[in-house]
$ cat work33.pdb   # PDB, C-alpha atoms
ATOM      1  CA  MET C   1     120.042  80.111 -72.458  1.00  0.00           C
ATOM      2  CA  LYS C   2     117.275  78.180 -74.146  1.00  0.00           C
ATOM      3  CA  ASN C   3     113.666  78.518 -73.026  1.00  0.00           C
ATOM      4  CA  HIS C   4     110.100  77.809 -74.180  1.00  0.00           C
ATOM      5  CA  VAL C   5     108.780  81.365 -74.166  1.00  0.00           C
ATOM      6  CA  LYS C   6     108.074  81.453 -77.906  1.00  0.00           C
ATOM      7  CA  VAL C   7     106.040  78.242 -77.852  1.00  0.00           C
ATOM      8  CA  ALA C   8     103.970  79.467 -74.890  1.00  0.00           C
ATOM      9  CA  ARG C   9     103.477  82.888 -76.485  1.00  0.00           C
ATOM     10  CA  VAL C  10     102.234  81.374 -79.740  1.00  0.00           C
ATOM     11  CA  LYS C  11      99.882  79.058 -77.795  1.00  0.00           C
ATOM     12  CA  THR C  12      98.448  82.125 -76.026  1.00  0.00           C
ATOM     13  CA  ASP C  13      98.052  83.802 -79.436  1.00  0.00           C
ATOM     14  CA  LEU C  14     100.105  86.856 -78.554  1.00  0.00           C
ATOM     15  CA  THR C  15     102.520  88.782 -80.744  1.00  0.00           C
ATOM     16  CA  GLN C  16     105.935  89.746 -79.407  1.00  0.00           C
ATOM     17  CA  GLN C  17     104.754  93.364 -79.137  1.00  0.00           C
ATOM     18  CA  GLN C  18     101.650  92.364 -77.176  1.00  0.00           C
ATOM     19  CA  LEU C  19     103.684  90.284 -74.748  1.00  0.00           C
ATOM     20  CA  ALA C  20     106.182  93.132 -74.397  1.00  0.00           C
ATOM     21  CA  ASP C  21     103.390  95.593 -73.592  1.00  0.00           C
ATOM     22  CA  LEU C  22     101.866  93.221 -71.010  1.00  0.00           C
ATOM     23  CA  VAL C  23     105.192  92.765 -69.239  1.00  0.00           C
ATOM     24  CA  GLY C  24     106.516  96.337 -69.604  1.00  0.00           C
ATOM     25  CA  ILE C  25     109.554  95.631 -71.797  1.00  0.00           C
ATOM     26  CA  THR C  26     110.428  96.232 -75.450  1.00  0.00           C
ATOM     27  CA  ARG C  27     109.665  93.932 -78.371  1.00  0.00           C
ATOM     28  CA  GLN C  28     113.392  93.584 -78.979  1.00  0.00           C
ATOM     29  CA  THR C  29     113.907  92.247 -75.463  1.00  0.00           C
ATOM     30  CA  VAL C  30     111.141  89.661 -75.991  1.00  0.00           C
ATOM     31  CA  SER C  31     112.849  88.606 -79.216  1.00  0.00           C
ATOM     32  CA  LEU C  32     116.237  88.290 -77.508  1.00  0.00           C
ATOM     33  CA  ILE C  33     114.725  86.272 -74.637  1.00  0.00           C
ATOM     34  CA  GLU C  34     113.041  83.880 -77.083  1.00  0.00           C
ATOM     35  CA  LYS C  35     116.296  83.391 -78.990  1.00  0.00           C
ATOM     36  CA  GLY C  36     118.125  82.728 -75.718  1.00  0.00           C
ATOM     37  CA  LYS C  37     120.424  85.713 -76.241  1.00  0.00           C
ATOM     38  CA  TYR C  38     119.289  87.603 -73.135  1.00  0.00           C
ATOM     39  CA  ASN C  39     118.805  86.079 -69.668  1.00  0.00           C
ATOM     40  CA  PRO C  40     115.939  87.833 -67.880  1.00  0.00           C
ATOM     41  CA  SER C  41     115.974  88.419 -64.127  1.00  0.00           C
ATOM     42  CA  LEU C  42     113.826  86.187 -61.917  1.00  0.00           C
ATOM     43  CA  LYS C  43     111.325  89.027 -61.560  1.00  0.00           C
ATOM     44  CA  LEU C  44     110.974  89.370 -65.328  1.00  0.00           C
ATOM     45  CA  CYS C  45     110.753  85.573 -65.724  1.00  0.00           C
ATOM     46  CA  LEU C  46     107.827  85.539 -63.280  1.00  0.00           C
ATOM     47  CA  GLN C  47     106.128  88.445 -65.060  1.00  0.00           C
ATOM     48  CA  ILE C  48     106.395  86.560 -68.359  1.00  0.00           C
ATOM     49  CA  CYS C  49     104.969  83.438 -66.685  1.00  0.00           C
ATOM     50  CA  TYR C  50     101.979  85.401 -65.357  1.00  0.00           C
ATOM     51  CA  ALA C  51     101.362  86.975 -68.762  1.00  0.00           C
ATOM     52  CA  LEU C  52     101.450  83.575 -70.520  1.00  0.00           C
ATOM     53  CA  ASN C  53      99.571  81.642 -67.803  1.00  0.00           C
ATOM     54  CA  SER C  54     102.538  79.296 -67.350  1.00  0.00           C
ATOM     55  CA  THR C  55     104.940  78.306 -64.608  1.00  0.00           C
ATOM     56  CA  LEU C  56     108.684  78.885 -64.347  1.00  0.00           C
ATOM     57  CA  ASP C  57     109.224  75.154 -64.838  1.00  0.00           C
ATOM     58  CA  GLU C  58     107.275  75.102 -68.092  1.00  0.00           C
ATOM     59  CA  LEU C  59     108.977  78.143 -69.598  1.00  0.00           C
ATOM     60  CA  PHE C  60     112.495  78.310 -68.205  1.00  0.00           C
ATOM     61  CA  TRP C  61     113.535  74.975 -66.669  1.00  0.00           C
ATOM     62  CA  MET C  62     116.352  73.107 -68.350  1.00  0.00           C
ATOM     63  CA  ASP C  63     118.261  69.944 -67.502  1.00  0.00           C
ATOM     64  CA  GLU C  64     121.740  70.261 -66.097  1.00  0.00           C
ATOM     65  CA  GLU C  65     123.332  68.883 -69.275  1.00  0.00           C
ATOM     66  CA  ASP C  66     121.739  71.671 -71.326  1.00  0.00           C
ATOM     67  CA  PHE C  67     122.680  74.301 -68.737  1.00  0.00           C
ATOM     68  CA  THR C  68     126.456  73.798 -69.141  1.00  0.00           C
TER      69      THR C  68
ATOM     70  CA  MET Q   1     109.390 110.844 -73.237  1.00  0.00           C
ATOM     71  CA  ARG Q   2     108.565 107.606 -71.443  1.00  0.00           C
ATOM     72  CA  LYS Q   3     110.601 106.312 -68.513  1.00  0.00           C
ATOM     73  CA  ILE Q   4     112.619 103.217 -69.453  1.00  0.00           C
ATOM     74  CA  THR Q   5     111.224 100.178 -67.633  1.00  0.00           C
ATOM     75  CA  ASP Q   6     112.874  97.456 -69.732  1.00  0.00           C
ATOM     76  CA  GLU Q   7     115.617  95.958 -67.503  1.00  0.00           C
ATOM     77  CA  ARG Q   8     117.848  95.163 -70.512  1.00  0.00           C
ATOM     78  CA  LEU Q   9     117.801  98.812 -71.591  1.00  0.00           C
ATOM     79  CA  VAL Q  10     118.351  99.995 -68.003  1.00  0.00           C
ATOM     80  CA  LEU Q  11     121.486  97.800 -67.792  1.00  0.00           C
ATOM     81  CA  ARG Q  12     122.669  99.035 -71.199  1.00  0.00           C
ATOM     82  CA  ASN Q  13     122.138 102.606 -70.025  1.00  0.00           C
ATOM     83  CA  LEU Q  14     124.278 101.965 -66.943  1.00  0.00           C
ATOM     84  CA  LYS Q  15     127.054 100.555 -69.181  1.00  0.00           C
ATOM     85  CA  HIS Q  16     126.860 103.702 -71.333  1.00  0.00           C
ATOM     86  CA  ILE Q  17     127.121 105.908 -68.241  1.00  0.00           C
ATOM     87  CA  LYS Q  18     130.198 103.908 -67.196  1.00  0.00           C
ATOM     88  CA  ILE Q  19     131.816 104.460 -70.616  1.00  0.00           C
ATOM     89  CA  ALA Q  20     130.987 108.186 -70.506  1.00  0.00           C
ATOM     90  CA  TYR Q  21     132.475 108.434 -66.985  1.00  0.00           C
ATOM     91  CA  ILE Q  22     135.709 106.758 -68.125  1.00  0.00           C
ATOM     92  CA  VAL Q  23     136.005 109.104 -71.140  1.00  0.00           C
ATOM     93  CA  GLN Q  24     135.275 112.127 -68.936  1.00  0.00           C
ATOM     94  CA  THR Q  25     137.871 111.086 -66.350  1.00  0.00           C
ATOM     95  CA  ILE Q  26     140.518 110.532 -69.038  1.00  0.00           C
ATOM     96  CA  GLY Q  27     139.716 113.999 -70.389  1.00  0.00           C
ATOM     97  CA  ILE Q  28     140.032 115.592 -66.945  1.00  0.00           C
ATOM     98  CA  ILE Q  29     143.371 113.826 -66.346  1.00  0.00           C
ATOM     99  CA  PHE Q  30     144.691 115.031 -69.723  1.00  0.00           C
ATOM    100  CA  ILE Q  31     143.646 118.638 -69.015  1.00  0.00           C
ATOM    101  CA  LEU Q  32     145.154 118.573 -65.512  1.00  0.00           C
ATOM    102  CA  GLY Q  33     148.314 116.952 -66.887  1.00  0.00           C
ATOM    103  CA  PHE Q  34     148.601 119.678 -69.528  1.00  0.00           C
ATOM    104  CA  GLU Q  35     148.052 122.323 -66.843  1.00  0.00           C
ATOM    105  CA  PHE Q  36     150.771 120.664 -64.731  1.00  0.00           C
ATOM    106  CA  PHE Q  37     153.325 120.816 -67.533  1.00  0.00           C
ATOM    107  CA  GLN Q  38     152.348 124.410 -68.412  1.00  0.00           C
ATOM    108  CA  SER Q  39     152.047 125.992 -64.976  1.00  0.00           C
ATOM    109  CA  GLY Q  40     153.342 123.454 -62.467  1.00  0.00           C
ATOM    110  CA  PHE Q  41     151.536 121.888 -59.503  1.00  0.00           C
ATOM    111  CA  GLU Q  42     150.127 125.192 -58.205  1.00  0.00           C
ATOM    112  CA  GLY Q  43     148.709 126.031 -61.627  1.00  0.00           C
ATOM    113  CA  MET Q  44     147.108 122.607 -61.862  1.00  0.00           C
ATOM    114  CA  ARG Q  45     145.504 123.021 -58.418  1.00  0.00           C
ATOM    115  CA  ASP Q  46     144.080 126.414 -59.413  1.00  0.00           C
ATOM    116  CA  ASN Q  47     142.070 124.742 -62.167  1.00  0.00           C
ATOM    117  CA  PRO Q  48     138.489 123.996 -60.927  1.00  0.00           C
ATOM    118  CA  LEU Q  49     138.751 120.590 -62.616  1.00  0.00           C
ATOM    119  CA  TRP Q  50     141.175 119.630 -59.846  1.00  0.00           C
ATOM    120  CA  LEU Q  51     138.343 119.991 -57.308  1.00  0.00           C
ATOM    121  CA  VAL Q  52     136.032 117.916 -59.511  1.00  0.00           C
ATOM    122  CA  PHE Q  53     138.735 115.247 -59.847  1.00  0.00           C
ATOM    123  CA  ILE Q  54     139.374 115.073 -56.093  1.00  0.00           C
ATOM    124  CA  LEU Q  55     135.651 115.048 -55.266  1.00  0.00           C
ATOM    125  CA  THR Q  56     135.006 112.234 -57.773  1.00  0.00           C
ATOM    126  CA  GLY Q  57     137.944 110.291 -56.347  1.00  0.00           C
ATOM    127  CA  VAL Q  58     136.608 110.596 -52.799  1.00  0.00           C
ATOM    128  CA  VAL Q  59     133.082 109.518 -53.830  1.00  0.00           C
ATOM    129  CA  ASN Q  60     134.538 106.568 -55.767  1.00  0.00           C
ATOM    130  CA  ALA Q  61     136.671 105.581 -52.739  1.00  0.00           C
ATOM    131  CA  TYR Q  62     133.663 105.596 -50.384  1.00  0.00           C
ATOM    132  CA  LEU Q  63     131.601 103.527 -52.828  1.00  0.00           C
ATOM    133  CA  SER Q  64     134.500 101.059 -53.203  1.00  0.00           C
ATOM    134  CA  MET Q  65     134.688 100.738 -49.398  1.00  0.00           C
ATOM    135  CA  SER Q  66     131.162  99.311 -49.321  1.00  0.00           C
ATOM    136  CA  LEU Q  67     132.243  96.674 -51.876  1.00  0.00           C
ATOM    137  CA  SER Q  68     135.433  95.817 -49.965  1.00  0.00           C
ATOM    138  CA  VAL Q  69     133.515  95.318 -46.719  1.00  0.00           C
ATOM    139  CA  GLU Q  70     131.286  92.689 -48.386  1.00  0.00           C
ATOM    140  CA  HIS Q  71     134.316  91.016 -49.938  1.00  0.00           C
ATOM    141  CA  GLU Q  72     136.422  90.720 -46.755  1.00  0.00           C
ATOM    142  CA  GLN Q  73     135.743  88.641 -43.619  1.00  0.00           C
ATOM    143  CA  ILE Q  74     136.549  90.687 -40.520  1.00  0.00           C
ATOM    144  CA  ARG Q  75     135.462  88.852 -37.350  1.00  0.00           C
ATOM    145  CA  ASN Q  76     135.865  91.714 -34.885  1.00  0.00           C
ATOM    146  CA  PRO Q  77     135.062  95.150 -36.341  1.00  0.00           C
ATOM    147  CA  ARG Q  78     135.598  96.864 -32.990  1.00  0.00           C
ATOM    148  CA  LYS Q  79     139.149  95.532 -32.627  1.00  0.00           C
ATOM    149  CA  SER Q  80     139.897  96.433 -36.248  1.00  0.00           C
ATOM    150  CA  LEU Q  81     138.630  99.994 -35.653  1.00  0.00           C
ATOM    151  CA  ALA Q  82     140.718 100.359 -32.480  1.00  0.00           C
ATOM    152  CA  MET Q  83     143.885  99.238 -34.288  1.00  0.00           C
ATOM    153  CA  SER Q  84     143.196 101.571 -37.214  1.00  0.00           C
ATOM    154  CA  VAL Q  85     142.524 104.556 -34.912  1.00  0.00           C
ATOM    155  CA  LEU Q  86     145.779 103.857 -33.056  1.00  0.00           C
ATOM    156  CA  VAL Q  87     147.769 103.777 -36.290  1.00  0.00           C
ATOM    157  CA  LEU Q  88     146.006 106.938 -37.513  1.00  0.00           C
ATOM    158  CA  ALA Q  89     146.725 108.728 -34.211  1.00  0.00           C
ATOM    159  CA  ALA Q  90     150.395 107.738 -34.482  1.00  0.00           C
ATOM    160  CA  VAL Q  91     150.622 109.012 -38.067  1.00  0.00           C
ATOM    161  CA  ALA Q  92     148.805 112.280 -37.177  1.00  0.00           C
ATOM    162  CA  ALA Q  93     151.002 112.825 -34.110  1.00  0.00           C
ATOM    163  CA  GLY Q  94     154.163 112.098 -36.091  1.00  0.00           C
ATOM    164  CA  THR Q  95     153.133 114.494 -38.863  1.00  0.00           C
ATOM    165  CA  ALA Q  96     152.208 117.189 -36.309  1.00  0.00           C
ATOM    166  CA  TYR Q  97     155.597 116.793 -34.577  1.00  0.00           C
ATOM    167  CA  LEU Q  98     157.621 116.909 -37.798  1.00  0.00           C
ATOM    168  CA  THR Q  99     155.653 119.900 -39.097  1.00  0.00           C
ATOM    169  CA  SER Q 100     156.105 121.774 -35.794  1.00  0.00           C
ATOM    170  CA  ASN Q 101     159.860 121.250 -36.008  1.00  0.00           C
ATOM    171  CA  THR Q 102     160.056 122.529 -39.575  1.00  0.00           C
ATOM    172  CA  PRO Q 103     161.723 125.951 -39.904  1.00  0.00           C
ATOM    173  CA  ASN Q 104     159.352 128.830 -40.752  1.00  0.00           C
ATOM    174  CA  LEU Q 105     156.388 126.916 -39.340  1.00  0.00           C
ATOM    175  CA  GLU Q 106     154.916 127.422 -35.870  1.00  0.00           C
ATOM    176  CA  GLY Q 107     153.957 124.739 -33.376  1.00  0.00           C
ATOM    177  CA  THR Q 108     150.262 125.580 -33.663  1.00  0.00           C
ATOM    178  CA  GLU Q 109     150.345 124.965 -37.416  1.00  0.00           C
ATOM    179  CA  GLY Q 110     151.784 121.515 -36.832  1.00  0.00           C
ATOM    180  CA  LEU Q 111     149.134 120.789 -34.221  1.00  0.00           C
ATOM    181  CA  LEU Q 112     146.383 122.008 -36.537  1.00  0.00           C
ATOM    182  CA  LEU Q 113     147.689 119.829 -39.361  1.00  0.00           C
ATOM    183  CA  GLY Q 114     147.779 116.815 -37.059  1.00  0.00           C
ATOM    184  CA  ILE Q 115     144.203 117.385 -35.882  1.00  0.00           C
ATOM    185  CA  ILE Q 116     142.911 117.855 -39.450  1.00  0.00           C
ATOM    186  CA  LEU Q 117     144.739 114.715 -40.568  1.00  0.00           C
ATOM    187  CA  PHE Q 118     143.254 112.757 -37.667  1.00  0.00           C
ATOM    188  CA  ILE Q 119     139.693 113.927 -38.325  1.00  0.00           C
ATOM    189  CA  CYS Q 120     139.953 113.346 -42.094  1.00  0.00           C
ATOM    190  CA  GLY Q 121     141.301 109.855 -41.452  1.00  0.00           C
ATOM    191  CA  LEU Q 122     138.739 109.065 -38.765  1.00  0.00           C
ATOM    192  CA  VAL Q 123     135.696 109.653 -41.019  1.00  0.00           C
ATOM    193  CA  PRO Q 124     136.381 106.756 -43.436  1.00  0.00           C
ATOM    194  CA  LEU Q 125     137.431 104.485 -40.553  1.00  0.00           C
ATOM    195  CA  VAL Q 126     134.120 105.063 -38.759  1.00  0.00           C
ATOM    196  CA  TYR Q 127     132.219 104.633 -42.053  1.00  0.00           C
ATOM    197  CA  VAL Q 128     133.902 101.263 -42.714  1.00  0.00           C
ATOM    198  CA  TYR Q 129     133.283 100.223 -39.084  1.00  0.00           C
ATOM    199  CA  ARG Q 130     129.561 100.953 -39.398  1.00  0.00           C
ATOM    200  CA  LEU Q 131     129.397  99.021 -42.683  1.00  0.00           C
ATOM    201  CA  ARG Q 132     131.114  96.001 -41.054  1.00  0.00           C
ATOM    202  CA  VAL Q 133     128.786  96.118 -38.025  1.00  0.00           C
ATOM    203  CA  LYS Q 134     125.739  96.293 -40.317  1.00  0.00           C
ATOM    204  CA  GLN Q 135     127.036  93.378 -42.358  1.00  0.00           C
ATOM    205  CA  GLN Q 136     127.563  91.323 -39.187  1.00  0.00           C
ATOM    206  CA  GLN Q 137     124.022  92.123 -38.039  1.00  0.00           C
ATOM    207  CA  ASP Q 138     122.652  91.083 -41.446  1.00  0.00           C
ATOM    208  CA  ALA Q 139     124.566  87.800 -41.201  1.00  0.00           C
ATOM    209  CA  GLU Q 140     123.224  87.170 -37.679  1.00  0.00           C
ATOM    210  CA  ASP Q 141     119.655  87.814 -38.844  1.00  0.00           C
ATOM    211  CA  GLU Q 142     119.818  84.862 -41.290  1.00  0.00           C
TER     212      GLU Q 142
END
$ encode --input "work33.pdb" --output "structure tokens"
Amino acid sequence: MKNHVKVARVKTDLTQQQLADLVGITRQTVSLIEKGKYNPSLKLCLQICYALNSTLDELFWMDEEDFT
Amino acid sequence: MRKITDERLVLRNLKHIKIAYIVQTIGIIFILGFEFFQSGFEGMRDNPLWLVFILTGVVNAYLSMSLSVEHEQIRNPRKSLAMSVLVLAAVAAGTAYLTSNTPNLEGTEGLLLGIILFICGLVPLVYVYRLRVKQQQDAEDE
């Protein structure tokens, strides 16, 4: 599923490894989340939001048409 | 060695454990099957792998019971338990009677078999009953 994690991460000037270290996951998982190939749990979504100073809406919300 | 905290890797690890369990179980079944063809049922039961197989089966059955309870919709767990205990008692009594009337077997052996059958059957029934009661309480708390 698509998301805006990469855009927010670049705005915050963090590398994938730095974001991974902040959140407690691997760089590969960050990459997969950004590509939309892995769907994180709600807990992990929130942790990413806190690390990037964003909200769930800004990073992970999508319209119903895009969801299906 | 660091503990894995990445949820994706934790899930992948669980999938790997599942695959390893399936391979192990297939291996155990093959070995027991070979033992059965070589030495018959008694020979197969003498193999310690038989105990491992039975123990794993029992653990798997109890874990599956907790899934089944969440899947079903029993309105009256107490009534369901009473019916199940009645059926179990009938089966245990019938088995005890038939065993007692078997030649070369004494009445006490039949009685003992019936009691063991009843107790072994009662444990999972009580376990399922407690799971259903807990699930009902959780539903009432909402």
$ residues_around --input "work33.pdb" --residues "range 40-51 of chain C" --least-positions-apart "5" --cutoff "12 Å" --atoms "only C-alpha atoms" --output "PyMOL selection string"
(chain C and resi 1-6+8-9+12-14+16+18-25+29-35+56-61) or (chain Q and resi 5-9+11)
$ resolve_selection --input "work33.pdb" --expression "the PyMOL selection byres ((chain Q and resi 69-81) around 7)" --output "mmCIF file with C-alpha atoms, in the coordinates of the input"
data_model
loop_
_atom_site.group_PDB
_atom_site.id
_atom_site.type_symbol
_atom_site.label_atom_id
_atom_site.label_comp_id
_atom_site.auth_asym_id
_atom_site.auth_seq_id
_atom_site.Cartn_x
_atom_site.Cartn_y
_atom_site.Cartn_z
ATOM 1 C CA MET Q 65 134.688 100.738 -49.398
ATOM 2 C CA SER Q 66 131.162 99.311 -49.321
ATOM 3 C CA LEU Q 67 132.243 96.674 -51.876
ATOM 4 C CA SER Q 68 135.433 95.817 -49.965
ATOM 5 C CA ALA Q 82 140.718 100.359 -32.480
ATOM 6 C CA MET Q 83 143.885 99.238 -34.288
ATOM 7 C CA SER Q 84 143.196 101.571 -37.214
ATOM 8 C CA VAL Q 85 142.524 104.556 -34.912
ATOM 9 C CA LEU Q 125 137.431 104.485 -40.553
ATOM 10 C CA TYR Q 129 133.283 100.223 -39.084
ATOM 11 C CA LEU Q 131 129.397 99.021 -42.683
ATOM 12 C CA ARG Q 132 131.114 96.001 -41.054
ATOM 13 C CA VAL Q 133 128.786 96.118 -38.025
#
$ atom_distance --input "work33.pdb" --atom1 "CA of Cys120 in chain Q" --atom2 "CA of Ala92 in chain Q"
10.2 Å
$ residues_around --input "work33.pdb" --residues "range 14-28 of chain Q" --least-positions-apart "4" --cutoff "8 Å" --atoms "only C-alpha atoms" --output "list in words"
Val10, Leu32, Leu49 and Phe53 of chain Q
$ atom_distance --input "work33.pdb" --atom1 "CA of Arg130 in chain Q" --atom2 "CA of Ser64 in chain Q"
14.7 Å
$ resolve_selection --input "work33.pdb" --expression "the PyMOL selection byres ((chain Q and resi 110) around 6)" --output "VMD selection string"
chain Q and resid 96 99 to 100 107 to 109 111 to 113
$ atom_distance --input "work33.pdb" --atom1 "CA of Gln28 in chain C" --atom2 "CA of Asp66 in chain C"
24.7 Å
$ axis_aligned_box --input "work33.pdb" --around "range 37-54 of chain C" --padding-each-side "5 Å" --output "AutoDock Vina command-line options"
--center_x 110.0 --center_y 84.3 --center_z -68.9 --size_x 30.9 --size_y 20.1 --size_z 24.7
$ closest_residue --input "work33.pdb" --among "C:Met62, C:Asn39, C:Leu52, C:Val7" --to "chain Q" --atoms "only C-alpha atoms"
C:Asn39
$ closest_residue --input "work33.pdb" --among "C:Asp63, C:Val10, C:Gln17, C:Tyr38" --to "chain Q" --atoms "all atoms listed in the file"
C:Tyr38
$ build_atoms --input "work33.pdb" --residues "range 47-67 of chain Q" --atoms "N, CA and C atoms" --output "tab-separated table (two decimals), in the coordinates of the input"
chain	number	residue	atom	x	y	z
Q	47	ASN	N	143.12	125.12	-61.21
Q	47	ASN	CA	142.07	124.74	-62.17
Q	47	ASN	C	140.90	124.11	-61.40
Q	48	PRO	N	139.64	124.58	-61.64
Q	48	PRO	CA	138.49	124.00	-60.93
Q	48	PRO	C	138.31	122.49	-61.19
Q	49	LEU	N	138.85	122.03	-62.31
Q	49	LEU	CA	138.75	120.59	-62.62
Q	49	LEU	C	139.47	119.75	-61.56
Q	50	TRP	N	140.45	120.35	-60.89
Q	50	TRP	CA	141.18	119.63	-59.85
Q	50	TRP	C	140.22	119.25	-58.72
Q	51	LEU	N	139.34	120.23	-58.36
Q	51	LEU	CA	138.34	119.99	-57.31
Q	51	LEU	C	137.38	118.89	-57.72
Q	52	VAL	N	136.95	118.94	-58.98
Q	52	VAL	CA	136.03	117.92	-59.51
Q	52	VAL	C	136.70	116.55	-59.45
Q	53	PHE	N	137.97	116.49	-59.83
Q	53	PHE	CA	138.74	115.25	-59.85
Q	53	PHE	C	138.87	114.66	-58.44
Q	54	ILE	N	139.20	115.53	-57.48
Q	54	ILE	CA	139.37	115.07	-56.09
Q	54	ILE	C	138.04	114.60	-55.52
Q	55	LEU	N	136.98	115.40	-55.78
Q	55	LEU	CA	135.65	115.05	-55.27
Q	55	LEU	C	135.19	113.70	-55.83
Q	56	THR	N	135.39	113.50	-57.13
Q	56	THR	CA	135.01	112.23	-57.77
Q	56	THR	C	135.80	111.08	-57.19
Q	57	GLY	N	137.09	111.33	-56.94
Q	57	GLY	CA	137.94	110.29	-56.35
Q	57	GLY	C	137.47	109.88	-54.96
Q	58	VAL	N	137.08	110.88	-54.17
Q	58	VAL	CA	136.61	110.60	-52.80
Q	58	VAL	C	135.30	109.80	-52.84
Q	59	VAL	N	134.37	110.23	-53.71
Q	59	VAL	CA	133.08	109.52	-53.83
Q	59	VAL	C	133.32	108.08	-54.28
Q	60	ASN	N	134.20	107.90	-55.26
Q	60	ASN	CA	134.54	106.57	-55.77
Q	60	ASN	C	135.14	105.71	-54.66
Q	61	ALA	N	136.02	106.32	-53.83
Q	61	ALA	CA	136.67	105.58	-52.74
Q	61	ALA	C	135.63	105.11	-51.72
Q	62	TYR	N	134.69	105.98	-51.36
Q	62	TYR	CA	133.66	105.60	-50.38
Q	62	TYR	C	132.76	104.49	-50.93
Q	63	LEU	N	132.44	104.57	-52.22
Q	63	LEU	CA	131.60	103.53	-52.83
Q	63	LEU	C	132.37	102.20	-52.88
Q	64	SER	N	133.67	102.28	-53.15
Q	64	SER	CA	134.50	101.06	-53.20
Q	64	SER	C	134.62	100.42	-51.82
Q	65	MET	N	134.59	101.26	-50.78
Q	65	MET	CA	134.69	100.74	-49.40
Q	65	MET	C	133.52	99.80	-49.11
Q	66	SER	N	132.33	100.16	-49.59
Q	66	SER	CA	131.16	99.31	-49.32
Q	66	SER	C	131.30	97.96	-50.03
Q	67	LEU	N	131.99	97.94	-51.18
Q	67	LEU	CA	132.24	96.67	-51.88
Q	67	LEU	C	133.27	95.85	-51.11
